[in-house]
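Written below as structure tokens is the structure these notes are about.
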Amino acid sequence: MIRPRKKARPGRLKGRALEDLRVKCWLKDNEACVKCGVHTFYYAPHWDSNSYHMSHIKAKRMGGDSLENVETLCGDCHRKFHAYGPSMEKPVRSKA
């Protein structure tokens with residue numbers, strides 16, 4: 001059985017501090033997705049393609065939760081990033 005941590009790991013934020021980072025990230029990127037440029041809404045439903053997602057540039061364990069290590073993505077770009085990686089494109093097999 002895995003027990004939840006009582007304290008956050010060093011460099012990781014929780015609660016109000018994480019929410020403040022999310023707002024600062026959204027404002028830093030001019031309320032738009034950094035990949036496709038679509039305007040994002042901070043409090044949109046999570047299934048909406050224009051909802052705001054905060055994505056880490058480097059993995060949290062390497063870059064931590066800092067303003068320099070996060071970027072604003074729309075829902076569509078964030079799903080593509082997790083599905084296909086940084087290229088955000090489906091790999092195509094080469095014809096043999």
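In the structure tokens, the first chain shown is A, the next is B, and so on; residue numbers restart at 1 for each chain, and ligands run from 1 in the order shown.
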Applying 9 Å and only C-alpha atoms, which residues near region 54-67 of chain A remain after dropping the ones on its own chain fewer than 6 positions away? List them as an mmCIF file with N, CA and C atoms, in the first residue's frame.
```cif
data_model
loop_
_atom_site.group_PDB
_atom_site.id
_atom_site.type_symbol
_atom_site.label_atom_id
_atom_site.label_comp_id
_atom_site.auth_asym_id
_atom_site.auth_seq_id
_atom_site.Cartn_x
_atom_site.Cartn_y
_atom_site.Cartn_z
ATOM 1 N N PRO A 10 11.328 18.377 -1.872
ATOM 2 C CA PRO A 10 11.997 19.666 -2.076
ATOM 3 C C PRO A 10 11.822 20.157 -3.507
ATOM 4 N N GLY A 11 11.499 21.436 -3.671
ATOM 5 C CA GLY A 11 11.323 22.009 -4.985
ATOM 6 C C GLY A 11 9.933 21.836 -5.559
ATOM 7 N N ARG A 12 9.047 21.143 -4.835
ATOM 8 C CA ARG A 12 7.687 20.935 -5.319
ATOM 9 C C ARG A 12 6.704 21.692 -4.443
ATOM 10 N N LEU A 13 5.717 22.263 -5.085
ATOM 11 C CA LEU A 13 4.749 23.095 -4.371
ATOM 12 C C LEU A 13 3.436 22.349 -4.180
ATOM 13 N N LEU A 18 1.096 26.354 -5.203
ATOM 14 C CA LEU A 18 0.978 25.801 -6.541
ATOM 15 C C LEU A 18 -0.061 26.574 -7.355
ATOM 16 N N LEU A 21 1.517 29.735 -8.558
ATOM 17 C CA LEU A 21 2.402 29.462 -9.687
ATOM 18 C C LEU A 21 1.597 29.304 -10.972
ATOM 19 N N ARG A 22 0.455 28.616 -10.901
ATOM 20 C CA ARG A 22 -0.399 28.428 -12.079
ATOM 21 C C ARG A 22 -0.861 29.777 -12.643
ATOM 22 N N LYS A 24 0.554 32.782 -12.191
ATOM 23 C CA LYS A 24 1.709 33.516 -12.713
ATOM 24 C C LYS A 24 2.136 32.972 -14.074
ATOM 25 N N CYS A 25 2.100 31.653 -14.236
ATOM 26 C CA CYS A 25 2.459 31.024 -15.507
ATOM 27 C C CYS A 25 1.496 31.452 -16.599
ATOM 28 N N TRP A 26 0.206 31.433 -16.299
ATOM 29 C CA TRP A 26 -0.835 31.808 -17.267
ATOM 30 C C TRP A 26 -0.679 33.259 -17.701
ATOM 31 N N LYS A 28 2.148 35.066 -17.455
ATOM 32 C CA LYS A 28 3.458 35.202 -18.118
ATOM 33 C C LYS A 28 3.357 34.885 -19.608
ATOM 34 N N LEU A 73 -0.244 25.612 -21.898
ATOM 35 C CA LEU A 73 -0.670 24.858 -23.066
ATOM 36 C C LEU A 73 -2.190 24.787 -23.080
ATOM 37 N N CYS A 74 -2.776 24.705 -24.278
ATOM 38 C CA CYS A 74 -4.219 24.452 -24.364
ATOM 39 C C CYS A 74 -4.416 22.948 -24.141
ATOM 40 N N HIS A 78 -1.637 19.880 -24.854
ATOM 41 C CA HIS A 78 -1.159 19.135 -23.697
ATOM 42 C C HIS A 78 -1.394 17.635 -23.888
#
```
**OP:** List the neighbours of Leu27 (chain A) out to 12 Å using only C-alpha atoms; skip same-chain residues closer than 4 positions along the sequence, and give me the result as a list in words.
**Re:** Asp20, Leu21, Arg22, Val23, Glu31, Ala32, Cys33, Val34, His39, Thr40, Phe41, Tyr42, Tyr52, Met54, Leu67, Val70, Glu71 and Thr72 of chain A
Residues just named, written with all heavy atoms as a compact mmCIF listing (two decimals), in the first residue's frame:
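What follows is the written file again-v6.txt:
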```txt
# COMPACT_ATOMS: atom_id res chain seq x y z
N ASP A 20 -0.80 29.74 -6.97
CA ASP A 20 -0.16 31.01 -7.32
C ASP A 20 0.77 30.85 -8.52
O ASP A 20 0.83 31.70 -9.40
CB ASP A 20 0.61 31.58 -6.14
CG ASP A 20 -0.29 32.08 -5.03
OD1 ASP A 20 -1.50 32.28 -5.29
OD2 ASP A 20 0.21 32.26 -3.90
N LEU A 21 1.52 29.73 -8.56
CA LEU A 21 2.40 29.46 -9.69
C LEU A 21 1.60 29.30 -10.97
O LEU A 21 1.99 29.80 -12.03
CB LEU A 21 3.24 28.20 -9.43
CG LEU A 21 4.16 27.77 -10.57
CD1 LEU A 21 5.25 28.81 -10.81
CD2 LEU A 21 4.74 26.41 -10.30
N ARG A 22 0.45 28.62 -10.90
CA ARG A 22 -0.40 28.43 -12.08
C ARG A 22 -0.86 29.78 -12.64
O ARG A 22 -0.82 30.01 -13.84
CB ARG A 22 -1.61 27.57 -11.72
CG ARG A 22 -1.29 26.11 -11.52
CD ARG A 22 -2.50 25.32 -11.03
NE ARG A 22 -3.68 25.48 -11.86
CZ ARG A 22 -3.90 24.84 -13.01
NH1 ARG A 22 -3.00 24.00 -13.46
NH2 ARG A 22 -5.01 25.05 -13.69
N VAL A 23 -1.29 30.68 -11.76
CA VAL A 23 -1.76 31.99 -12.21
C VAL A 23 -0.61 32.79 -12.82
O VAL A 23 -0.76 33.39 -13.89
CB VAL A 23 -2.40 32.77 -11.04
CG1 VAL A 23 -2.70 34.20 -11.43
CG2 VAL A 23 -3.65 32.07 -10.55
N GLU A 31 -1.86 34.51 -21.43
CA GLU A 31 -3.14 33.79 -21.42
C GLU A 31 -3.36 33.00 -22.70
O GLU A 31 -4.48 32.79 -23.13
CB GLU A 31 -4.30 34.75 -21.17
CG GLU A 31 -4.14 35.56 -19.90
CD GLU A 31 -5.18 36.65 -19.75
OE1 GLU A 31 -6.13 36.71 -20.55
OE2 GLU A 31 -5.05 37.45 -18.81
N ALA A 32 -2.27 32.55 -23.34
CA ALA A 32 -2.38 31.80 -24.60
C ALA A 32 -1.44 30.60 -24.59
O ALA A 32 -0.42 30.60 -23.89
CB ALA A 32 -2.05 32.71 -25.77
N CYS A 33 -1.78 29.61 -25.38
CA CYS A 33 -0.94 28.41 -25.52
C CYS A 33 0.37 28.80 -26.20
O CYS A 33 0.37 29.49 -27.22
CB CYS A 33 -1.70 27.37 -26.34
SG CYS A 33 -0.74 25.88 -26.71
N VAL A 34 1.49 28.33 -25.67
CA VAL A 34 2.79 28.68 -26.26
C VAL A 34 3.08 27.88 -27.52
O VAL A 34 3.93 28.26 -28.31
CB VAL A 34 3.95 28.50 -25.24
CG1 VAL A 34 3.80 29.45 -24.07
CG2 VAL A 34 4.05 27.08 -24.77
N HIS A 39 -5.99 31.34 -27.48
CA HIS A 39 -6.29 31.97 -26.19
C HIS A 39 -6.89 30.94 -25.25
O HIS A 39 -7.79 30.20 -25.63
CB HIS A 39 -7.26 33.14 -26.38
CG HIS A 39 -7.61 33.83 -25.11
ND1 HIS A 39 -6.74 34.67 -24.46
CD2 HIS A 39 -8.73 33.78 -24.35
CE1 HIS A 39 -7.33 35.13 -23.37
NE2 HIS A 39 -8.53 34.59 -23.28
N THR A 40 -6.38 30.85 -24.04
CA THR A 40 -6.88 29.87 -23.07
C THR A 40 -7.67 30.56 -21.97
O THR A 40 -7.44 31.72 -21.66
CB THR A 40 -5.71 29.08 -22.42
OG1 THR A 40 -4.83 30.00 -21.78
CG2 THR A 40 -4.96 28.27 -23.46
N PHE A 41 -8.60 29.82 -21.39
CA PHE A 41 -9.42 30.32 -20.30
C PHE A 41 -9.01 29.62 -19.02
O PHE A 41 -8.90 28.40 -18.99
CB PHE A 41 -10.91 30.08 -20.59
CG PHE A 41 -11.37 30.79 -21.83
CD1 PHE A 41 -11.50 30.11 -23.02
CD2 PHE A 41 -11.65 32.14 -21.80
CE1 PHE A 41 -11.92 30.76 -24.17
CE2 PHE A 41 -12.06 32.81 -22.94
CZ PHE A 41 -12.20 32.10 -24.12
N TYR A 42 -8.80 30.39 -17.97
CA TYR A 42 -8.28 29.82 -16.73
C TYR A 42 -9.28 28.87 -16.08
O TYR A 42 -8.92 27.81 -15.60
CB TYR A 42 -7.89 30.93 -15.75
CG TYR A 42 -7.11 30.41 -14.59
CD1 TYR A 42 -5.77 30.09 -14.75
CD2 TYR A 42 -7.69 30.22 -13.35
CE1 TYR A 42 -5.03 29.59 -13.70
CE2 TYR A 42 -6.96 29.72 -12.30
CZ TYR A 42 -5.63 29.41 -12.48
OH TYR A 42 -4.91 28.90 -11.44
N TYR A 52 -7.07 25.96 -19.80
CA TYR A 52 -5.67 26.21 -19.48
C TYR A 52 -5.04 24.99 -18.82
O TYR A 52 -5.62 24.41 -17.91
CB TYR A 52 -5.59 27.42 -18.56
CG TYR A 52 -4.32 27.51 -17.77
CD1 TYR A 52 -3.13 27.78 -18.41
CD2 TYR A 52 -4.31 27.31 -16.41
CE1 TYR A 52 -1.95 27.86 -17.70
CE2 TYR A 52 -3.14 27.39 -15.69
CZ TYR A 52 -1.97 27.67 -16.33
OH TYR A 52 -0.81 27.73 -15.63
N MET A 54 -1.15 23.84 -17.21
CA MET A 54 0.22 24.21 -16.90
C MET A 54 1.07 22.97 -17.13
O MET A 54 0.83 21.93 -16.53
CB MET A 54 0.35 24.68 -15.45
CG MET A 54 1.76 25.12 -15.09
SD MET A 54 1.94 25.70 -13.40
CE MET A 54 1.95 24.17 -12.50
N LEU A 67 8.71 29.09 -11.98
CA LEU A 67 8.12 29.82 -13.09
C LEU A 67 8.92 29.62 -14.38
O LEU A 67 8.36 29.62 -15.47
CB LEU A 67 8.01 31.31 -12.75
CG LEU A 67 7.16 32.16 -13.67
CD1 LEU A 67 5.74 31.62 -13.77
CD2 LEU A 67 7.13 33.59 -13.19
N VAL A 70 7.79 26.09 -16.22
CA VAL A 70 6.40 25.80 -16.59
C VAL A 70 5.98 26.67 -17.78
O VAL A 70 6.54 27.74 -18.00
CB VAL A 70 5.42 26.01 -15.41
CG1 VAL A 70 5.67 24.98 -14.32
CG2 VAL A 70 5.51 27.40 -14.85
N GLU A 71 5.02 26.16 -18.54
CA GLU A 71 4.49 26.89 -19.68
C GLU A 71 3.00 26.63 -19.79
O GLU A 71 2.49 25.65 -19.28
CB GLU A 71 5.21 26.50 -20.97
CG GLU A 71 5.05 25.05 -21.35
CD GLU A 71 5.88 24.65 -22.55
OE1 GLU A 71 6.61 25.50 -23.09
OE2 GLU A 71 5.81 23.48 -22.93
N THR A 72 2.31 27.52 -20.49
CA THR A 72 0.88 27.41 -20.71
C THR A 72 0.61 26.63 -21.99
O THR A 72 1.18 26.95 -23.03
CB THR A 72 0.24 28.81 -20.83
OG1 THR A 72 0.49 29.53 -19.63
CG2 THR A 72 -1.25 28.72 -21.04
```
**OP:** Between CA of Val38 (chain A) and CA of Cys77 (chain A), measure the distance and give it in Å to one decimal.
**Re:** 10.0 Å
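If you look at CA of Asn69 (chain A) and CA of Asp29 (chain A), they are 12.4 Å away from each other.
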Original post:
Distance CA of Glu19 (chain A)-CA of Pro86 (chain A), one decimal place?
Top reply: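 Separation between CA of Glu19 (chain A) and CA of Pro86 (chain A): 25.0 Å.
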**OP:** Quick one: pick out all strand (DSSP E or B) residues within chain A from a backbone DSSP run and write them as a list of chain:residue names.
**Re:**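 Answer for chain A restricted to strand (DSSP E or B) is A:Ala32, A:His39, A:Phe41, A:Ser51, A:Tyr52, A:His53, A:Met54, A:Ser55, A:His56, A:Val70, A:Glu71, A:Thr72, A:Leu73, A:Cys74.
Closest approach to Met88 (chain A) among A:Ala17, A:Cys36, A:Arg3, A:Asn50 is made by A:Cys36 (distances from only C-alpha atoms).
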